[in-house]
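Pasted below: protein_4.cif, mmCIF, C-alpha atoms.
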```
data_structure
loop_
_atom_site.label_atom_id
_atom_site.label_comp_id
_atom_site.auth_asym_id
_atom_site.auth_seq_id
_atom_site.Cartn_x
_atom_site.Cartn_y
_atom_site.Cartn_z
CA MET J 88 0.00 0.00 0.00
CA ILE J 89 1.56 3.26 -1.11
CA LYS J 90 1.60 5.90 1.64
CA HIS J 91 3.73 8.67 0.20
CA HIS J 92 2.36 10.34 -2.88
CA LEU J 93 3.10 13.11 -5.37
CA THR J 94 2.36 16.73 -4.50
CA GLU J 95 -0.26 18.71 -6.44
CA ASP J 96 2.57 20.85 -7.79
CA LEU J 97 4.33 17.90 -9.35
CA MET J 98 1.13 16.51 -10.83
CA ILE J 99 0.11 19.83 -12.36
CA GLY J 100 3.62 20.39 -13.68
CA TYR J 101 3.65 16.93 -15.25
CA ALA J 102 0.27 17.57 -16.90
CA ALA J 103 1.27 21.05 -18.07
CA GLY J 104 4.56 19.70 -19.43
CA THR J 105 6.76 22.18 -17.60
CA LEU J 106 8.94 19.88 -15.48
CA PRO J 107 12.50 18.80 -16.32
CA GLU J 108 12.73 15.42 -18.00
CA ALA J 109 14.26 13.72 -14.95
CA VAL J 110 11.39 14.91 -12.74
CA ASN J 111 8.87 13.75 -15.35
CA LEU J 112 10.55 10.36 -15.17
CA ALA J 113 9.97 10.15 -11.41
CA VAL J 114 6.32 11.19 -11.83
CA ALA J 115 5.74 8.71 -14.68
CA THR J 116 7.32 5.94 -12.62
CA HIS J 117 5.25 6.71 -9.52
CA ILE J 118 1.96 6.84 -11.44
CA SER J 119 2.82 3.52 -13.10
CA LEU J 120 2.62 2.11 -9.56
CA CYS J 121 -0.07 4.36 -8.03
CA ASP J 122 -3.52 4.56 -9.60
CA ASP J 123 -4.61 7.31 -7.18
CA CYS J 124 -1.97 9.69 -8.46
CA ARG J 125 -2.52 8.49 -12.03
CA ALA J 126 -6.19 9.49 -11.76
CA ALA J 127 -5.19 12.87 -10.31
CA VAL J 128 -2.68 13.46 -13.12
CA ASP J 129 -5.33 12.48 -15.68
CA THR J 130 -7.61 15.05 -14.04
CA TYR J 131 -5.02 17.78 -14.54
CA ASP J 132 -4.76 16.59 -18.15
CA ALA J 133 -8.52 17.18 -18.34
CA MET J 134 -7.93 20.73 -17.12
CA GLY J 135 -5.35 21.13 -19.91
CA GLY J 136 -7.89 19.78 -22.40
CA SER J 137 -10.35 22.38 -21.18
CA VAL J 138 -7.75 25.14 -21.54
CA MET J 139 -6.91 24.07 -25.09
CA ASN J 140 -10.53 23.63 -26.06
CA GLY J 141 -11.32 27.08 -24.64
CA CYS J 142 -8.68 28.80 -26.82
CA ASP J 143 -9.97 30.99 -29.63
CA GLY J 144 -8.80 28.97 -32.61
CA VAL J 145 -6.22 30.38 -35.01
CA ALA J 146 -7.27 29.58 -38.59
CA MET J 147 -5.31 26.84 -40.31
CA SER J 148 -4.17 27.51 -43.88
CA SER J 149 -6.59 26.40 -46.56
CA ASP J 150 -4.63 23.35 -47.71
CA SER J 151 -3.84 21.94 -44.27
CA LEU J 152 -6.89 19.69 -44.08
CA ASN J 153 -6.09 18.21 -47.49
CA ALA J 154 -2.51 17.66 -46.45
CA ALA J 155 -3.70 15.88 -43.29
CA LEU J 156 -6.09 13.72 -45.32
CA ALA J 157 -3.31 12.81 -47.74
CA SER J 158 -1.16 11.88 -44.80
CA ILE J 159 -3.74 9.63 -43.14
CA ARG J 160 -4.52 7.93 -46.48
CA ALA J 161 -0.88 7.24 -47.21
CA PRO J 162 0.27 3.79 -46.23
CA GLU J 163 2.07 4.10 -42.96
CA SER J 164 5.80 3.95 -43.50
CA ALA J 165 6.46 1.60 -40.65
CA PRO J 166 3.20 0.16 -39.37
CA VAL J 167 2.91 1.33 -35.82
CA ALA J 168 3.55 -2.03 -34.26
CA PRO J 169 3.68 -1.24 -30.58
CA PRO J 170 7.02 -2.42 -29.23
CA LYS J 171 6.66 -5.63 -27.32
CA PRO J 172 5.92 -4.60 -23.76
CA ARG J 173 8.86 -5.58 -21.64
CA ARG J 174 8.20 -6.47 -18.05
CA ASP J 175 10.45 -6.28 -15.08
CA ALA J 176 9.52 -7.08 -11.51
CA VAL J 177 11.41 -4.06 -10.19
CA LEU J 178 11.55 -1.43 -12.95
CA PRO J 179 8.21 0.00 -14.16
CA ALA J 180 7.84 0.67 -17.92
CA PRO J 181 9.15 4.27 -18.01
CA LEU J 182 12.42 3.14 -16.43
CA LEU J 183 12.81 0.20 -18.81
CA ASP J 184 12.99 2.76 -21.62
CA TYR J 185 15.70 4.79 -19.91
CA VAL J 186 17.75 1.80 -18.79
CA GLY J 187 17.34 0.08 -22.15
CA GLY J 188 16.28 -3.15 -20.47
CA GLY J 189 15.39 -4.64 -17.13
CA LEU J 190 17.24 -4.55 -13.83
CA ASP J 191 19.96 -6.85 -15.19
CA ALA J 192 20.77 -4.24 -17.88
CA VAL J 193 21.55 -1.45 -15.37
CA LYS J 194 25.18 -0.31 -15.61
CA TRP J 195 26.00 0.26 -11.95
CA SER J 196 29.05 2.12 -10.72
CA PRO J 197 30.17 1.72 -7.13
CA VAL J 198 30.17 4.84 -4.95
CA GLY J 199 31.47 3.22 -1.74
CA MET J 200 30.14 1.22 1.23
CA GLY J 201 28.45 -1.14 -1.23
CA VAL J 202 26.25 1.65 -2.55
CA LYS J 203 25.97 1.72 -6.34
CA GLN J 204 24.43 4.18 -8.74
CA ALA J 205 23.54 4.49 -12.41
CA ILE J 206 22.83 7.90 -13.96
CA LEU J 207 20.02 7.81 -16.49
CA PRO J 208 20.19 9.79 -19.74
CA THR J 209 17.95 12.84 -19.32
CA SER J 210 18.28 16.54 -20.09
CA LYS J 211 20.61 18.40 -17.76
CA ALA J 212 17.95 20.51 -16.02
CA ALA J 213 17.75 17.77 -13.37
CA THR J 214 19.49 14.46 -12.78
CA ALA J 215 17.90 11.02 -12.44
CA ARG J 216 19.84 8.11 -11.03
CA LEU J 217 19.12 4.63 -9.81
CA LEU J 218 20.60 3.95 -6.38
CA TYR J 219 21.36 0.52 -4.98
CA ILE J 220 21.72 0.51 -1.21
CA PRO J 221 22.61 -2.77 0.50
CA SER J 222 20.31 -3.79 3.31
CA GLY J 223 21.17 -1.91 6.50
CA VAL J 224 23.48 0.61 4.81
CA GLY J 225 22.92 4.35 4.94
CA VAL J 226 23.15 6.74 2.02
CA PRO J 227 25.86 9.31 2.81
CA ASP J 228 24.44 12.13 4.91
CA HIS J 229 23.64 15.02 2.66
CA GLY J 230 21.73 18.21 2.38
CA HIS J 231 20.82 19.53 -1.02
CA ARG J 232 19.87 22.65 -2.83
CA GLY J 233 16.53 22.54 -4.59
CA ILE J 234 14.33 19.49 -4.47
CA GLU J 235 15.15 15.81 -4.17
CA LEU J 236 12.71 13.06 -5.06
CA THR J 237 13.38 9.50 -3.92
CA LEU J 238 11.09 6.78 -5.22
CA VAL J 239 11.49 3.26 -3.83
CA LEU J 240 11.46 0.41 -6.35
CA GLN J 241 12.63 -2.50 -4.19
CA GLY J 242 13.09 -3.00 -0.46
CA ALA J 243 12.54 -0.01 1.79
CA PHE J 244 14.39 2.78 3.50
CA ARG J 245 13.86 4.65 6.71
CA ASP J 246 14.80 8.20 7.50
CA GLU J 247 14.10 10.54 10.39
CA GLU J 248 10.54 10.90 9.19
CA ASP J 249 9.13 7.53 8.17
CA VAL J 250 9.56 4.25 6.32
CA PHE J 251 9.34 4.28 2.54
CA ALA J 252 8.53 1.11 0.58
CA ARG J 253 7.94 0.23 -3.09
CA GLY J 254 6.01 3.00 -4.84
CA ASP J 255 6.48 5.52 -2.02
CA ILE J 256 8.05 8.80 -3.06
CA GLU J 257 9.87 11.03 -0.62
CA ILE J 258 9.95 14.69 -1.56
CA ALA J 259 12.70 16.50 0.30
CA THR J 260 13.24 20.21 0.06
CA GLU J 261 16.27 22.34 0.72
CA ALA J 262 15.48 22.56 4.41
CA ASP J 263 15.60 18.80 4.96
CA GLU J 264 18.78 17.11 6.03
CA HIS J 265 18.03 13.47 6.07
CA THR J 266 19.88 10.20 6.44
CA PRO J 267 18.05 7.43 4.66
CA ILE J 268 19.04 3.91 5.74
CA ALA J 269 18.01 0.81 3.82
CA GLU J 270 15.82 -1.44 5.94
CA ILE J 271 17.13 -4.85 6.96
CA GLY J 272 15.86 -7.75 4.89
CA GLU J 273 16.26 -6.73 1.27
CA ASP J 274 18.67 -4.47 -0.59
CA CYS J 275 16.97 -1.20 -1.50
CA ILE J 276 16.74 0.15 -5.04
CA CYS J 277 15.49 3.71 -5.57
CA LEU J 278 15.09 6.23 -8.31
CA ALA J 279 16.54 9.51 -7.04
CA VAL J 280 16.01 12.80 -8.84
CA THR J 281 17.73 16.02 -7.90
CA ASP J 282 17.38 19.40 -9.51
CA ALA J 283 20.62 20.74 -8.07
CA PRO J 284 23.91 19.13 -7.08
CA LEU J 285 23.85 17.25 -3.81
CA LYS J 286 26.26 18.52 -1.18
CA PHE J 287 27.55 15.85 1.08
CA ARG J 288 28.53 16.38 4.70
CA GLY J 289 31.42 14.60 6.35
CA LEU J 290 34.87 14.05 4.91
CA LEU J 291 34.57 10.63 3.32
CA PRO J 292 31.41 11.28 1.36
CA ARG J 293 32.83 14.62 0.22
CA ILE J 294 35.78 12.86 -1.35
CA ALA J 295 33.39 10.49 -3.05
CA GLN J 296 31.27 13.26 -4.49
CA PRO J 297 33.19 13.84 -7.75
CA PHE J 298 32.53 10.24 -8.73
CA LEU J 299 28.81 10.75 -8.23
CA ARG J 300 28.60 13.37 -11.03
CA ILE J 301 26.04 15.41 -9.18
CA MET C 135 -25.48 23.90 -21.52
CA THR C 136 -23.77 24.42 -24.82
CA GLU C 137 -24.36 27.16 -27.32
CA LYS C 138 -26.52 26.28 -30.27
CA GLY C 139 -24.67 24.10 -32.74
CA ALA C 140 -21.72 23.57 -30.40
CA LYS C 141 -20.86 19.98 -29.66
CA SER C 142 -20.58 18.48 -26.19
CA ASN C 143 -17.67 16.29 -25.15
CA ALA C 144 -19.93 13.27 -25.60
CA ASP C 145 -20.55 14.32 -29.24
CA TRP C 146 -16.83 14.59 -29.89
CA ALA C 147 -16.29 11.21 -28.25
CA VAL C 148 -18.84 9.63 -30.61
CA LEU C 149 -16.95 11.06 -33.60
CA MET C 150 -13.63 9.89 -32.19
CA VAL C 151 -14.99 6.37 -31.67
CA LYS C 152 -16.07 6.41 -35.35
CA VAL C 153 -12.52 7.29 -36.32
CA ARG C 154 -11.20 4.61 -34.00
CA ASP C 155 -13.54 1.76 -34.90
CA ALA C 156 -14.70 2.58 -38.46
CA ARG C 157 -11.78 4.71 -39.78
CA ASP C 158 -14.46 7.28 -40.65
CA GLU C 159 -12.94 10.19 -42.63
CA ALA C 160 -15.98 12.45 -42.32
CA ALA C 161 -15.71 12.18 -38.53
CA PHE C 162 -11.99 12.95 -38.80
CA ILE C 163 -12.71 16.07 -40.86
CA ALA C 164 -15.17 17.33 -38.24
CA LEU C 165 -12.59 16.74 -35.51
CA PHE C 166 -9.88 18.43 -37.58
CA ASN C 167 -11.98 21.53 -38.24
CA HIS C 168 -12.72 21.97 -34.56
CA PHE C 169 -9.46 20.95 -32.91
CA ALA C 170 -6.66 21.87 -35.35
CA PRO C 171 -7.16 25.66 -34.96
CA ARG C 172 -7.28 25.24 -31.18
CA ILE C 173 -4.12 23.15 -31.13
CA LYS C 174 -2.47 25.82 -33.25
CA ALA C 175 -3.63 28.56 -30.87
CA PHE C 176 -2.48 26.55 -27.84
CA LEU C 177 0.98 26.02 -29.35
CA MET C 178 1.35 29.68 -30.32
CA LYS C 179 0.44 30.74 -26.80
CA SER C 180 3.06 28.26 -25.59
CA GLY C 181 5.75 30.06 -27.58
CA ALA C 182 5.74 28.37 -30.99
CA GLU C 183 5.74 30.64 -34.04
CA ALA C 184 2.80 30.40 -36.44
CA THR C 185 4.33 28.16 -39.13
CA MET C 186 5.67 25.69 -36.61
CA ALA C 187 2.36 25.68 -34.72
CA GLU C 188 0.46 25.04 -37.94
CA ASP C 189 2.72 22.14 -39.00
CA CYS C 190 2.57 20.74 -35.54
CA ALA C 191 -1.24 20.98 -35.31
CA GLN C 192 -1.52 19.11 -38.60
CA ASP C 193 0.90 16.51 -37.32
CA VAL C 194 -1.01 16.12 -34.04
CA MET C 195 -4.22 15.48 -35.99
CA THR C 196 -2.46 12.83 -38.08
CA THR C 197 -1.37 11.22 -34.82
CA VAL C 198 -4.99 11.32 -33.63
CA TRP C 199 -5.89 9.18 -36.65
CA ARG C 200 -2.95 6.80 -36.29
CA LYS C 201 -3.23 6.32 -32.54
CA ALA C 202 -7.03 6.30 -32.44
CA HIS C 203 -6.95 2.81 -30.91
CA LEU C 204 -5.56 4.38 -27.72
CA PHE C 205 -8.54 6.68 -27.18
CA ASP C 206 -10.54 5.58 -24.14
CA PRO C 207 -13.72 7.60 -23.51
CA ALA C 208 -13.95 6.28 -19.95
CA ARG C 209 -10.67 8.01 -19.07
CA ALA C 210 -10.49 11.17 -21.18
CA SER C 211 -12.48 13.53 -23.35
CA VAL C 212 -11.32 14.00 -26.93
CA ALA C 213 -10.10 17.50 -26.01
CA THR C 214 -8.07 16.04 -23.13
CA TRP C 215 -6.60 13.28 -25.24
CA ILE C 216 -5.64 15.67 -28.04
CA PHE C 217 -4.21 18.10 -25.49
CA THR C 218 -1.85 15.39 -24.21
CA ILE C 219 -0.63 14.66 -27.76
CA ALA C 220 -0.14 18.38 -28.47
CA ARG C 221 1.66 18.93 -25.15
CA ASN C 222 4.06 16.07 -25.86
CA ARG C 223 4.79 17.47 -29.33
CA ARG C 224 5.47 20.85 -27.72
CA ILE C 225 8.02 19.32 -25.33
CA ASP C 226 9.58 17.47 -28.24
CA LEU C 227 9.75 20.59 -30.45
CA LEU C 228 10.58 23.39 -28.04
CA ARG C 229 12.75 21.49 -25.57
CA LYS C 230 14.08 18.73 -27.82
CA GLU C 231 13.39 16.10 -25.23
CA ARG C 232 10.93 13.32 -24.81
CA ARG C 233 8.37 12.99 -22.10
CA PRO C 234 8.45 9.82 -20.04
CA GLU C 235 4.99 8.27 -20.01
CA ALA C 236 3.41 6.02 -17.40
CA GLU C 237 3.00 2.37 -18.20
CA ASP C 238 0.16 1.94 -20.71
CA LEU C 239 -3.06 0.48 -19.39
CA THR C 240 -5.32 -0.83 -22.11
CA TRP C 241 -8.48 -2.87 -22.08
CA GLY C 242 -7.92 -6.53 -22.77
CA PRO C 243 -9.44 -8.00 -25.97
CA GLU C 244 -12.58 -9.10 -24.17
CA ALA C 245 -13.17 -6.04 -22.02
CA GLU C 246 -14.36 -2.59 -22.89
CA PRO C 247 -15.19 0.45 -20.83
CA ASP C 248 -18.77 0.62 -19.64
CA GLN C 249 -20.70 3.03 -21.88
CA ALA C 250 -22.49 4.65 -18.97
CA ASP C 251 -19.14 5.31 -17.27
CA ALA C 252 -17.76 6.83 -20.44
CA LEU C 253 -20.80 9.08 -20.89
CA ALA C 254 -20.63 10.22 -17.26
CA LEU C 255 -16.98 11.21 -17.66
CA GLN C 256 -17.73 13.13 -20.86
CA GLN C 257 -20.49 15.03 -19.07
CA GLU C 258 -18.22 15.83 -16.16
CA CYS C 259 -15.73 17.25 -18.64
CA ASP C 260 -18.51 19.51 -19.97
CA ALA C 261 -19.11 20.68 -16.40
CA LEU C 262 -15.37 21.38 -16.01
CA GLY C 263 -15.36 23.46 -19.19
CA GLN C 264 -18.32 25.48 -17.94
CA ALA C 265 -16.81 25.95 -14.49
CA MET C 266 -13.55 27.15 -16.06
CA ALA C 267 -15.43 29.63 -18.22
CA ALA C 268 -17.23 30.90 -15.11
CA LEU C 269 -14.02 31.48 -13.11
CA PRO C 270 -12.98 35.04 -12.32
CA GLU C 271 -10.69 36.25 -15.10
CA THR C 272 -7.58 36.39 -12.87
CA GLN C 273 -7.99 32.76 -11.79
CA ARG C 274 -8.62 31.52 -15.30
CA ALA C 275 -5.57 33.42 -16.55
CA LEU C 276 -3.48 31.72 -13.84
CA ILE C 277 -4.51 28.28 -15.05
CA GLU C 278 -4.04 29.14 -18.71
CA LYS C 279 -0.56 30.50 -18.13
CA ALA C 280 0.48 27.38 -16.25
CA TYR C 281 -0.58 25.21 -19.20
CA PHE C 282 1.03 27.53 -21.74
CA GLY C 283 4.22 26.96 -19.76
CA ASP C 284 4.98 30.51 -18.72
CA LEU C 285 4.15 30.40 -15.04
CA SER C 286 5.18 28.28 -12.14
CA HIS C 287 2.34 25.95 -11.33
CA SER C 288 2.38 26.34 -7.57
CA GLU C 289 -0.37 28.94 -7.52
CA ILE C 290 -2.99 27.09 -9.48
CA ALA C 291 -3.47 24.35 -6.92
CA SER C 292 -5.25 27.00 -4.86
CA VAL C 293 -7.89 27.73 -7.52
CA THR C 294 -11.23 26.52 -6.20
CA GLY C 295 -14.67 25.97 -7.63
CA LEU C 296 -13.68 23.44 -10.30
CA PRO C 297 -15.28 19.96 -10.25
CA LEU C 298 -11.91 18.20 -10.29
CA GLY C 299 -12.80 15.77 -7.49
CA THR C 300 -15.70 14.24 -9.42
CA ILE C 301 -13.56 13.78 -12.52
CA LYS C 302 -10.81 12.18 -10.47
CA SER C 303 -13.22 9.70 -8.83
CA ARG C 304 -14.65 8.83 -12.22
CA ILE C 305 -11.21 8.14 -13.70
CA ARG C 306 -10.22 6.20 -10.58
CA LEU C 307 -13.25 3.97 -11.11
CA ALA C 308 -12.31 3.39 -14.74
CA LEU C 309 -8.76 2.46 -13.65
CA ASN C 310 -10.15 -0.06 -11.15
CA ARG C 311 -12.24 -1.70 -13.84
CA LEU C 312 -9.28 -1.67 -16.19
CA ARG C 313 -7.06 -3.38 -13.62
CA GLN C 314 -9.76 -6.01 -13.14
CA SER C 315 -9.93 -6.62 -16.90
CA MET C 316 -6.16 -7.06 -17.07
CA LYS C 317 -6.09 -9.85 -14.50
#
```
Target encoding structure tokens, full file:
Amino acid sequence: MIKHHLTEDLMIGYAAGTLPEAVNLAVATHISLCDDCRAAVDTYDAMGGSVMNGCDGVAMSSDSLNAALASIRAPESAPVAPPKPRRDAVLPAPLLDYVGGGLDAVKWSPVGMGVKQAILPTSKAATARLLYIPSGVGVPDHGHRGIELTLVLQGAFRDEEDVFARGDIEIATEADEHTPIAEIGEDCICLAVTDAPLKFRGLLPRIAQPFLRI
Amino acid sequence: MTEKGAKSNADWAVLMVKVRDARDEAAFIALFNHFAPRIKAFLMKSGAEATMAEDCAQDVMTTVWRKAHLFDPARASVATWIFTIARNRRIDLLRKERRPEAEDLTWGPEAEPDQADALALQQECDALGQAMAALPETQRALIEKAYFGDLSHSEIASVTGLPLGTIKSRIRLALNRLRQSMK
């Protein structure tokens, strides 16, 4: 049962199409697991539909309809065969696209203490990475500028506030300094999205930071 | 209430289903004549210049034909569905990036959305359109700007008086039925 959901801000931004790609990825992944938030996002899409439908139309040029008809009558170059839906027990569909396969296709790099990460290819406005945190291990203590989203895909983590399990998304702001620790029992895999570089506290993690590309 | 001659969301949905199930060109033409100029206007207000907006609107309508099988009247009005296609094209064109989409949920071969559910959603979308039109100008402008992409969205969550809760419950119900049909 998912306890930690998206904020209205994120859902509206996703519907309006104004969020950075990496943040969109976190939203798309959460709503693949959470029908409540999916319905809310669809509702903000409906608001967008209303906005578009309420616009005073700008006349199309006279030949545009004919061009569109020619285009729909033309045989489709490559028949739109939907790509075979891949399934993965841990990675929801939007992440399969970015990883280019399932969990076994993730190219992890170690960042110390058994923690591993893989940066996903998105635009630079924000960074998305998969984090692998061995059971019982803490993510280096860090504060951050801007916002940090952490979405659990496997296992669970605990921080000062609560426990977060599969589908739960933690939304931390600048003010939060938190120390997530993977719960005992199963290694934890998360999608973490930051819109500004993380700043780590403590000497050892600081040395590690350059390798994290954040 | 709709002005004389204006179509309700349910009317547009009927036309869209004709495109989807019967590949009906006359229905497509009616949809094109209504929606293409609005897509163009929406894209221009989002920062696209006229030629690009026109090409893009034409392209969006071609996509409407090609991807008609994805239209689900129990989960979206035609305006909503076309908006999502236009928005994604805008992200693609203006930001040169793709938009990650949630996992697709589609009705299995033996299941279809309940017609009464679909009609109810279409009517609730009519009510949303009317409530938006009745908003004070400043509030409506706030919402419009957020969707045109030139305002932070944090303020619009405070706009009240829109029947968003009923639409959300309706879509939630459709998702439940969909999940059942996928089992």
Computed interatomic separation between atom CA of Leu298 of chain C and atom CA of Met134 of chain J (Å):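 Spanning atom CA of Leu298 of chain C to atom CA of Met134 of chain J is a straight-line distance of 8.3 Å.
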- prompt: So which residues get picked by the PyMOL selection byres ((chain C and resi 144) around 10) here, written as an MDAnalysis selection string?
  reply: chainID C and resid 141:143 145:150 207 211:212 252:260
Taking the file above as input, evaluate the PyMOL selection byres ((chain C) within 8 of (chain J)) and report the hits as a PDB file with C-alpha atoms, keeping the file's coordinate frame.
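See result_4.pdb below for the written result:
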```
ATOM      1  CA  ILE C 163     -12.710  16.070 -40.860  1.00  0.00           C
ATOM      2  CA  PHE C 166      -9.880  18.430 -37.580  1.00  0.00           C
ATOM      3  CA  ASN C 167     -11.980  21.530 -38.240  1.00  0.00           C
ATOM      4  CA  PHE C 169      -9.460  20.950 -32.910  1.00  0.00           C
ATOM      5  CA  ALA C 170      -6.660  21.870 -35.350  1.00  0.00           C
ATOM      6  CA  PRO C 171      -7.160  25.660 -34.960  1.00  0.00           C
ATOM      7  CA  ARG C 172      -7.280  25.240 -31.180  1.00  0.00           C
ATOM      8  CA  ILE C 173      -4.120  23.150 -31.130  1.00  0.00           C
ATOM      9  CA  LYS C 174      -2.470  25.820 -33.250  1.00  0.00           C
ATOM     10  CA  ALA C 175      -3.630  28.560 -30.870  1.00  0.00           C
ATOM     11  CA  PHE C 176      -2.480  26.550 -27.840  1.00  0.00           C
ATOM     12  CA  GLU C 188       0.460  25.040 -37.940  1.00  0.00           C
ATOM     13  CA  GLN C 192      -1.520  19.110 -38.600  1.00  0.00           C
ATOM     14  CA  ASP C 193       0.900  16.510 -37.320  1.00  0.00           C
ATOM     15  CA  MET C 195      -4.220  15.480 -35.990  1.00  0.00           C
ATOM     16  CA  THR C 196      -2.460  12.830 -38.080  1.00  0.00           C
ATOM     17  CA  TRP C 199      -5.890   9.180 -36.650  1.00  0.00           C
ATOM     18  CA  ARG C 200      -2.950   6.800 -36.290  1.00  0.00           C
ATOM     19  CA  ARG C 209     -10.670   8.010 -19.070  1.00  0.00           C
ATOM     20  CA  ALA C 210     -10.490  11.170 -21.180  1.00  0.00           C
ATOM     21  CA  SER C 211     -12.480  13.530 -23.350  1.00  0.00           C
ATOM     22  CA  ALA C 213     -10.100  17.500 -26.010  1.00  0.00           C
ATOM     23  CA  THR C 214      -8.070  16.040 -23.130  1.00  0.00           C
ATOM     24  CA  TRP C 215      -6.600  13.280 -25.240  1.00  0.00           C
ATOM     25  CA  ILE C 216      -5.640  15.670 -28.040  1.00  0.00           C
ATOM     26  CA  PHE C 217      -4.210  18.100 -25.490  1.00  0.00           C
ATOM     27  CA  THR C 218      -1.850  15.390 -24.210  1.00  0.00           C
ATOM     28  CA  ARG C 221       1.660  18.930 -25.150  1.00  0.00           C
ATOM     29  CA  ASN C 222       4.060  16.070 -25.860  1.00  0.00           C
ATOM     30  CA  ILE C 225       8.020  19.320 -25.330  1.00  0.00           C
ATOM     31  CA  GLU C 231      13.390  16.100 -25.230  1.00  0.00           C
ATOM     32  CA  ARG C 232      10.930  13.320 -24.810  1.00  0.00           C
ATOM     33  CA  ARG C 233       8.370  12.990 -22.100  1.00  0.00           C
ATOM     34  CA  PRO C 234       8.450   9.820 -20.040  1.00  0.00           C
ATOM     35  CA  GLU C 235       4.990   8.270 -20.010  1.00  0.00           C
ATOM     36  CA  ALA C 236       3.410   6.020 -17.400  1.00  0.00           C
ATOM     37  CA  GLU C 237       3.000   2.370 -18.200  1.00  0.00           C
ATOM     38  CA  CYS C 259     -15.730  17.250 -18.640  1.00  0.00           C
ATOM     39  CA  LEU C 262     -15.370  21.380 -16.010  1.00  0.00           C
ATOM     40  CA  GLY C 263     -15.360  23.460 -19.190  1.00  0.00           C
ATOM     41  CA  MET C 266     -13.550  27.150 -16.060  1.00  0.00           C
ATOM     42  CA  ILE C 277      -4.510  28.280 -15.050  1.00  0.00           C
ATOM     43  CA  GLU C 278      -4.040  29.140 -18.710  1.00  0.00           C
ATOM     44  CA  ALA C 280       0.480  27.380 -16.250  1.00  0.00           C
ATOM     45  CA  TYR C 281      -0.580  25.210 -19.200  1.00  0.00           C
ATOM     46  CA  PHE C 282       1.030  27.530 -21.740  1.00  0.00           C
ATOM     47  CA  GLY C 283       4.220  26.960 -19.760  1.00  0.00           C
ATOM     48  CA  HIS C 287       2.340  25.950 -11.330  1.00  0.00           C
ATOM     49  CA  SER C 288       2.380  26.340  -7.570  1.00  0.00           C
ATOM     50  CA  ALA C 291      -3.470  24.350  -6.920  1.00  0.00           C
ATOM     51  CA  LEU C 298     -11.910  18.200 -10.290  1.00  0.00           C
ATOM     52  CA  ILE C 301     -13.560  13.780 -12.520  1.00  0.00           C
ATOM     53  CA  LYS C 302     -10.810  12.180 -10.470  1.00  0.00           C
ATOM     54  CA  SER C 303     -13.220   9.700  -8.830  1.00  0.00           C
ATOM     55  CA  ILE C 305     -11.210   8.140 -13.700  1.00  0.00           C
ATOM     56  CA  ARG C 306     -10.220   6.200 -10.580  1.00  0.00           C
ATOM     57  CA  LEU C 309      -8.760   2.460 -13.650  1.00  0.00           C
TER      58      LEU C 309
END
```
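Residues lying within 8 Å of Cys190 of chain C, counting all atoms listed in the file and ignoring same-chain neighbours fewer than 3 positions away, are Lys174, Met186, Ala187, Asp193, Val194, Ala220 and Arg223 of chain C.
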field: Atom-to-atom span, atom CA of Thr281 of chain J and atom CA of Thr260 of chain J, Å
entry: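 Computed distance, atom CA of Thr281 of chain J to atom CA of Thr260 of chain J, equals 10.1 Å.
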- request: I need the residue set behind the PyMOL selection byres ((chain J and resi 213-228) around 8) for this file; please write it as a PyMOL selection string.
  value: chain J and resi 107-110+112+200-212+229-230+264-283+287-289+292+301
Mind dumping the selected residues with C-alpha atoms as a tab-separated table (two decimals), in the coordinates of the input?
```tsv
chain	number	residue	atom	x	y	z
J	107	PRO	CA	12.50	18.80	-16.32
J	108	GLU	CA	12.73	15.42	-18.00
J	109	ALA	CA	14.26	13.72	-14.95
J	110	VAL	CA	11.39	14.91	-12.74
J	112	LEU	CA	10.55	10.36	-15.17
J	200	MET	CA	30.14	1.22	1.23
J	201	GLY	CA	28.45	-1.14	-1.23
J	202	VAL	CA	26.25	1.65	-2.55
J	203	LYS	CA	25.97	1.72	-6.34
J	204	GLN	CA	24.43	4.18	-8.74
J	205	ALA	CA	23.54	4.49	-12.41
J	206	ILE	CA	22.83	7.90	-13.96
J	207	LEU	CA	20.02	7.81	-16.49
J	208	PRO	CA	20.19	9.79	-19.74
J	209	THR	CA	17.95	12.84	-19.32
J	210	SER	CA	18.28	16.54	-20.09
J	211	LYS	CA	20.61	18.40	-17.76
J	212	ALA	CA	17.95	20.51	-16.02
J	229	HIS	CA	23.64	15.02	2.66
J	230	GLY	CA	21.73	18.21	2.38
J	264	GLU	CA	18.78	17.11	6.03
J	265	HIS	CA	18.03	13.47	6.07
J	266	THR	CA	19.88	10.20	6.44
J	267	PRO	CA	18.05	7.43	4.66
J	268	ILE	CA	19.04	3.91	5.74
J	269	ALA	CA	18.01	0.81	3.82
J	270	GLU	CA	15.82	-1.44	5.94
J	271	ILE	CA	17.13	-4.85	6.96
J	272	GLY	CA	15.86	-7.75	4.89
J	273	GLU	CA	16.26	-6.73	1.27
J	274	ASP	CA	18.67	-4.47	-0.59
J	275	CYS	CA	16.97	-1.20	-1.50
J	276	ILE	CA	16.74	0.15	-5.04
J	277	CYS	CA	15.49	3.71	-5.57
J	278	LEU	CA	15.09	6.23	-8.31
J	279	ALA	CA	16.54	9.51	-7.04
J	280	VAL	CA	16.01	12.80	-8.84
J	281	THR	CA	17.73	16.02	-7.90
J	282	ASP	CA	17.38	19.40	-9.51
J	283	ALA	CA	20.62	20.74	-8.07
J	287	PHE	CA	27.55	15.85	1.08
J	288	ARG	CA	28.53	16.38	4.70
J	289	GLY	CA	31.42	14.60	6.35
J	292	PRO	CA	31.41	11.28	1.36
J	301	ILE	CA	26.04	15.41	-9.18
```
